[in-house]
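Worksheet: one structure, shown below.
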Amino acid sequence: MRELRDIEGLHPRDLSRRQRLILVYAVGVVSIILVYTVVYNVGMRTLENRPQSIFRSLQTVTETMTTTGYGADAAWSTPAMNLLMVTMQVTGVAIGFVTLRILVIPLFERTPLNLDDRLSIKNDHVVIAEYQRDTGVLLDELEELDVDYVLVESDEDEAKQLSDDGYQVINGDPEERSDLDRASIEKAKLLITDAGDSTASIVLTALEANEDLRVISFTASTRRKAALAEIGVDRIAAPHALIGRRLAEKATTPVTVDVSTTADPVTIREILVRRNSPLHGVRLRESPLATHPDLTLVAGWFDGELRLSPSPDERLTPNTVLVVAGPESAISEVASEMTGVRTPRNSAQSRVLVAGLGEGGAAAIDVLSTDVSVTTIDESESAQPDVVGDVTEPETLRAAGIEDASALVVTVDDDATALLTIAMARSLSEDVEILARVTDADKASEAFRAGADYVLSVQRVCARLVAAEVHGERVMDPVGQIRLIRTDAASFVGDSLADARRTPERGWTVVGISRDGTVHTDEHATIEAGDDVFLAGSDDAIQEFERKVGRT
């Protein structure tokens, strides 16, 4: 007997708490059934005068407690037996609820869920490995574009939650070939990695399975670009640096070089719709810029996404940047008349403050031209800023010259700090243009309420970058990617400017014509032989036009 107790798993101390609970529960249920069986058997013999076997009594007790029905014993003549049957029925219902709670529900909760069973058949899809940002923002972007994908997530709880939300997710380690195979890596067209130090291992494993795979990698530092390119990454994106550069471009509002020799040259300029603009909610077709007879709306950035040419039904928001082409004087006149829309400044008159000297702040400084006065702010002396201090304190911003600054670029790492910095800067200067970076996409609206004029979210930009790769969208392009050229009129003779502008899908549009030294931008003007035609559009579209028509 002692040897039997010492066998592993049979001694009570070898059982888990749950196993002991189940054992006690089972013994209790069996005991109750046996007691009821004996009492019922005695009652039938003495009270009902219908003696029967103990096994028949066991059957009746079981039928009663499980509420499955009765056989011959369907009626009883004595009150004591009626009360006994009611007691057994109530006991059976109570045991049923306890059984669900102790046995059935925990059993299903502990059953491993194979998320692979929820995946649809994949082919020519995108595999996402360890996305460290807000995954929902990226996956929503892909689903809106109807892009097929599989996310390989190592965190089991996160993977299950995303899968329950309807996303195509499996739980696994993307450094393991077997887990990548579960994501059909050999049939994928694109791999997206955002795994920090594990990126190299993931990329090499994936390329071993599919050497034709295109790879995009997100990295926290631009210093890793050379190493990632060496192992086969096709596109390396450092979101903080990318956003820092974009904010700096907005801070100085770059203008393309004009190609006209007239007194009133044709140029391209960006106009930022500020937070207090009366244009909010107005459709492009109803805006003064779109309806001006001498101006052409070439493109627009909406939350960091470039649309060439934007739909006339697009609504303007505080984050909209319109790219307008036309005579310099006409652009300046309209921009100055539009309350809440700042007229682009001359870079030589700009004084820009950069708050936060991390990867984004350093990238912003690199973009700013040498004739722009730059003052840097950081609380760390090791960063060697011009002003050392807390950017949320008024004394720090005053020491940096916030009252006289034309723009403030906020690239601090913490969203809460960024929001407080924006609010403090706005309280000190109503005229300074505030351009900020936030991590959480949901914080962008809060940044506008705090007083920012232009906000980019790391989560949103990363999602748009992926969209750009898989769907051909343009995201975060500098204004230099939009070109203005002068060509002959051979391809357009007889068309009015309105007719020549009716096909925005080409990626370029006709801005105006030059005739006898005068520039005409009115849409009713008719293009004649001998005219020079000004075209504006994306760099790729302009190159395609030059290949087909011939460069002039």
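Ordering of the structure tokens sets the chain letters (A, B, ...), residue numbers begin anew at 1 in every chain, and ligands are numbered from 1 in the order given.
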*Run DSSP on the backbone and give me the residues of range 366-432 of chain A it puts in strand (DSSP E), as a ChimeraX atom specification.*
/A:373-378,387-388,407-410
Go ahead and write the selection's residues with all heavy atoms as a PDB file, in the first residue's frame.
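Below you can see again-v3.pdb, which holds the result:
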ATOM      1  N   SER A 373      18.214  80.793 -39.500  1.00  0.00           N
ATOM      2  CA  SER A 373      18.716  80.857 -38.128  1.00  0.00           C
ATOM      3  C   SER A 373      18.061  79.754 -37.302  1.00  0.00           C
ATOM      4  O   SER A 373      16.836  79.702 -37.193  1.00  0.00           O
ATOM      5  CB  SER A 373      18.408  82.233 -37.524  1.00  0.00           C
ATOM      6  OG  SER A 373      18.798  82.268 -36.158  1.00  0.00           O
ATOM      7  N   VAL A 374      18.867  78.864 -36.734  1.00  0.00           N
ATOM      8  CA  VAL A 374      18.352  77.707 -35.995  1.00  0.00           C
ATOM      9  C   VAL A 374      18.818  77.773 -34.547  1.00  0.00           C
ATOM     10  O   VAL A 374      20.003  77.984 -34.271  1.00  0.00           O
ATOM     11  CB  VAL A 374      18.825  76.383 -36.626  1.00  0.00           C
ATOM     12  CG1 VAL A 374      18.265  75.189 -35.839  1.00  0.00           C
ATOM     13  CG2 VAL A 374      18.408  76.294 -38.084  1.00  0.00           C
ATOM     14  N   THR A 375      17.879  77.585 -33.617  1.00  0.00           N
ATOM     15  CA  THR A 375      18.193  77.482 -32.194  1.00  0.00           C
ATOM     16  C   THR A 375      17.681  76.144 -31.691  1.00  0.00           C
ATOM     17  O   THR A 375      16.506  75.825 -31.862  1.00  0.00           O
ATOM     18  CB  THR A 375      17.538  78.618 -31.388  1.00  0.00           C
ATOM     19  OG1 THR A 375      17.981  79.881 -31.898  1.00  0.00           O
ATOM     20  CG2 THR A 375      17.897  78.506 -29.910  1.00  0.00           C
ATOM     21  N   THR A 376      18.567  75.358 -31.093  1.00  0.00           N
ATOM     22  CA  THR A 376      18.196  74.025 -30.623  1.00  0.00           C
ATOM     23  C   THR A 376      17.980  74.028 -29.114  1.00  0.00           C
ATOM     24  O   THR A 376      18.637  74.761 -28.377  1.00  0.00           O
ATOM     25  CB  THR A 376      19.275  72.999 -30.989  1.00  0.00           C
ATOM     26  OG1 THR A 376      20.529  73.399 -30.414  1.00  0.00           O
ATOM     27  CG2 THR A 376      19.430  72.907 -32.496  1.00  0.00           C
ATOM     28  N   ILE A 377      17.036  73.173 -28.672  1.00  0.00           N
ATOM     29  CA  ILE A 377      16.688  73.073 -27.254  1.00  0.00           C
ATOM     30  C   ILE A 377      16.671  71.605 -26.854  1.00  0.00           C
ATOM     31  O   ILE A 377      16.067  70.782 -27.549  1.00  0.00           O
ATOM     32  CB  ILE A 377      15.302  73.686 -26.954  1.00  0.00           C
ATOM     33  CG1 ILE A 377      15.152  75.061 -27.599  1.00  0.00           C
ATOM     34  CG2 ILE A 377      15.052  73.758 -25.454  1.00  0.00           C
ATOM     35  CD1 ILE A 377      13.727  75.583 -27.569  1.00  0.00           C
ATOM     36  N   ASP A 378      17.324  71.284 -25.744  1.00  0.00           N
ATOM     37  CA  ASP A 378      17.290  69.921 -25.219  1.00  0.00           C
ATOM     38  C   ASP A 378      17.666  69.980 -23.745  1.00  0.00           C
ATOM     39  O   ASP A 378      18.454  70.847 -23.332  1.00  0.00           O
ATOM     40  CB  ASP A 378      18.247  69.010 -25.978  1.00  0.00           C
ATOM     41  CG  ASP A 378      17.905  67.536 -25.807  1.00  0.00           C
ATOM     42  OD1 ASP A 378      18.203  66.979 -24.730  1.00  0.00           O
ATOM     43  OD2 ASP A 378      17.339  66.949 -26.740  1.00  0.00           O
ATOM     44  N   VAL A 387      20.303  75.834 -26.166  1.00  0.00           N
ATOM     45  CA  VAL A 387      19.657  76.130 -24.888  1.00  0.00           C
ATOM     46  C   VAL A 387      19.409  74.817 -24.159  1.00  0.00           C
ATOM     47  O   VAL A 387      18.754  73.921 -24.697  1.00  0.00           O
ATOM     48  CB  VAL A 387      18.318  76.876 -25.086  1.00  0.00           C
ATOM     49  CG1 VAL A 387      17.637  77.116 -23.737  1.00  0.00           C
ATOM     50  CG2 VAL A 387      18.549  78.194 -25.805  1.00  0.00           C
ATOM     51  N   VAL A 388      19.949  74.701 -22.946  1.00  0.00           N
ATOM     52  CA  VAL A 388      19.745  73.505 -22.135  1.00  0.00           C
ATOM     53  C   VAL A 388      18.592  73.771 -21.169  1.00  0.00           C
ATOM     54  O   VAL A 388      18.608  74.751 -20.425  1.00  0.00           O
ATOM     55  CB  VAL A 388      21.012  73.137 -21.338  1.00  0.00           C
ATOM     56  CG1 VAL A 388      20.749  71.904 -20.476  1.00  0.00           C
ATOM     57  CG2 VAL A 388      22.181  72.889 -22.268  1.00  0.00           C
ATOM     58  N   ALA A 407       9.074  79.654 -36.528  1.00  0.00           N
ATOM     59  CA  ALA A 407       8.553  78.290 -36.442  1.00  0.00           C
ATOM     60  C   ALA A 407       9.221  77.542 -35.301  1.00  0.00           C
ATOM     61  O   ALA A 407      10.366  77.816 -34.939  1.00  0.00           O
ATOM     62  CB  ALA A 407       8.777  77.541 -37.759  1.00  0.00           C
ATOM     63  N   LEU A 408       8.467  76.590 -34.736  1.00  0.00           N
ATOM     64  CA  LEU A 408       8.981  75.692 -33.699  1.00  0.00           C
ATOM     65  C   LEU A 408       8.745  74.267 -34.161  1.00  0.00           C
ATOM     66  O   LEU A 408       7.615  73.870 -34.440  1.00  0.00           O
ATOM     67  CB  LEU A 408       8.265  75.926 -32.363  1.00  0.00           C
ATOM     68  CG  LEU A 408       8.495  74.879 -31.270  1.00  0.00           C
ATOM     69  CD1 LEU A 408       9.960  74.886 -30.812  1.00  0.00           C
ATOM     70  CD2 LEU A 408       7.562  75.116 -30.083  1.00  0.00           C
ATOM     71  N   VAL A 409       9.819  73.484 -34.245  1.00  0.00           N
ATOM     72  CA  VAL A 409       9.738  72.079 -34.626  1.00  0.00           C
ATOM     73  C   VAL A 409       9.890  71.246 -33.359  1.00  0.00           C
ATOM     74  O   VAL A 409      10.923  71.288 -32.691  1.00  0.00           O
ATOM     75  CB  VAL A 409      10.834  71.701 -35.642  1.00  0.00           C
ATOM     76  CG1 VAL A 409      10.771  70.204 -35.958  1.00  0.00           C
ATOM     77  CG2 VAL A 409      10.676  72.514 -36.921  1.00  0.00           C
ATOM     78  N   VAL A 410       8.843  70.494 -33.008  1.00  0.00           N
ATOM     79  CA  VAL A 410       8.831  69.708 -31.775  1.00  0.00           C
ATOM     80  C   VAL A 410       9.068  68.245 -32.116  1.00  0.00           C
ATOM     81  O   VAL A 410       8.235  67.597 -32.757  1.00  0.00           O
ATOM     82  CB  VAL A 410       7.489  69.864 -31.029  1.00  0.00           C
ATOM     83  CG1 VAL A 410       7.499  69.054 -29.739  1.00  0.00           C
ATOM     84  CG2 VAL A 410       7.205  71.333 -30.746  1.00  0.00           C
TER      85      VAL A 410
END
*Which parts of range 426-523 of chain A does DSSP call alpha helix (DSSP H) when run on the backbone here, written out as number ranges by chain?*
A: 426-428, 443-450, 458-471, 497-500
Spatial neighbours of His280 in chain A, max dist 8 Å, only C-alpha atoms, sep filter under 3 positions, as an mmCIF file with all heavy atoms, in the first residue's frame:
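As a result, out.cif now contains:
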data_model
loop_
_atom_site.group_PDB
_atom_site.id
_atom_site.type_symbol
_atom_site.label_atom_id
_atom_site.label_comp_id
_atom_site.auth_asym_id
_atom_site.auth_seq_id
_atom_site.Cartn_x
_atom_site.Cartn_y
_atom_site.Cartn_z
ATOM 1 N N SER A 277 -7.857 78.184 -39.451
ATOM 2 C CA SER A 277 -8.298 78.622 -40.774
ATOM 3 C C SER A 277 -9.804 78.447 -40.925
ATOM 4 O O SER A 277 -10.376 77.436 -40.505
ATOM 5 C CB SER A 277 -7.578 77.827 -41.862
ATOM 6 O OG SER A 277 -8.137 78.114 -43.129
ATOM 7 N N ARG A 315 -11.940 67.365 -48.504
ATOM 8 C CA ARG A 315 -12.188 68.440 -47.542
ATOM 9 C C ARG A 315 -10.879 68.857 -46.884
ATOM 10 O O ARG A 315 -10.030 68.022 -46.574
ATOM 11 C CB ARG A 315 -13.189 67.996 -46.476
ATOM 12 C CG ARG A 315 -14.596 67.781 -47.034
ATOM 13 C CD ARG A 315 -15.590 67.513 -45.928
ATOM 14 N NE ARG A 315 -16.937 67.276 -46.442
ATOM 15 C CZ ARG A 315 -17.802 68.236 -46.717
ATOM 16 N NH1 ARG A 315 -17.463 69.501 -46.514
ATOM 17 N NH2 ARG A 315 -19.011 67.950 -47.180
ATOM 18 N N LEU A 316 -10.722 70.141 -46.670
ATOM 19 C CA LEU A 316 -9.520 70.667 -46.049
ATOM 20 C C LEU A 316 -9.579 70.446 -44.542
ATOM 21 O O LEU A 316 -10.605 70.628 -43.899
ATOM 22 C CB LEU A 316 -9.380 72.166 -46.352
ATOM 23 C CG LEU A 316 -9.290 72.530 -47.833
ATOM 24 C CD1 LEU A 316 -9.225 74.038 -48.004
ATOM 25 C CD2 LEU A 316 -8.084 71.871 -48.476
ATOM 26 N N THR A 317 -8.442 70.038 -43.970
ATOM 27 C CA THR A 317 -8.311 69.813 -42.534
ATOM 28 C C THR A 317 -7.116 70.614 -42.038
ATOM 29 O O THR A 317 -6.327 71.141 -42.841
ATOM 30 C CB THR A 317 -8.095 68.324 -42.240
ATOM 31 O OG1 THR A 317 -6.812 67.929 -42.764
ATOM 32 C CG2 THR A 317 -9.180 67.469 -42.870
ATOM 33 N N PRO A 318 -6.939 70.716 -40.718
ATOM 34 C CA PRO A 318 -5.795 71.477 -40.187
ATOM 35 C C PRO A 318 -4.447 70.934 -40.623
ATOM 36 O O PRO A 318 -3.450 71.618 -40.493
ATOM 37 C CB PRO A 318 -5.976 71.350 -38.672
ATOM 38 C CG PRO A 318 -7.422 71.130 -38.481
ATOM 39 C CD PRO A 318 -7.852 70.305 -39.651
#
*Hey, what's within 7 Å of Ala463 in chain A if we count only C-alpha atoms and toss same-chain stuff fewer than 2 positions away? As JSON, numbers by chain, please?*
{"A": [137, 138, 141, 459, 460, 461, 465, 466, 467]}
*Determine, counting only C-alpha atoms, which protein, DNA and RNA residues have an atom within 9 Å of an atom of range 117-124 of chain A; residues of the same chain fewer than 6 positions away are not included. Present the result as a list of chain:residue names.*
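So the residues in contact are A:Asp148, A:Tyr149, A:Val150, A:Ser163, A:Gln168, A:Val169, A:Ile170, A:Ala183, A:Ser184, A:Glu186, A:Lys187, A:Ala188, A:Lys189, A:Leu190.
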*Point out the residue among A:Leu139, A:Ile542, A:Ala209, A:Val549 with the least atom-to-atom distance to Ser178 in chain A, counting only C-alpha atoms.*
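For Ser178 in chain A, the nearest of the candidates is A:Ala209.
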*Might you pull out every residue within 8 Å of Val93 in chain A, with only C-alpha atoms counted and same-chain residues fewer than 4 positions away left off, and present them as a list in words?*
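Near Val93 in chain A, the qualifying residues are Met65, Thr66, Gln89 and Phe97 of chain A.
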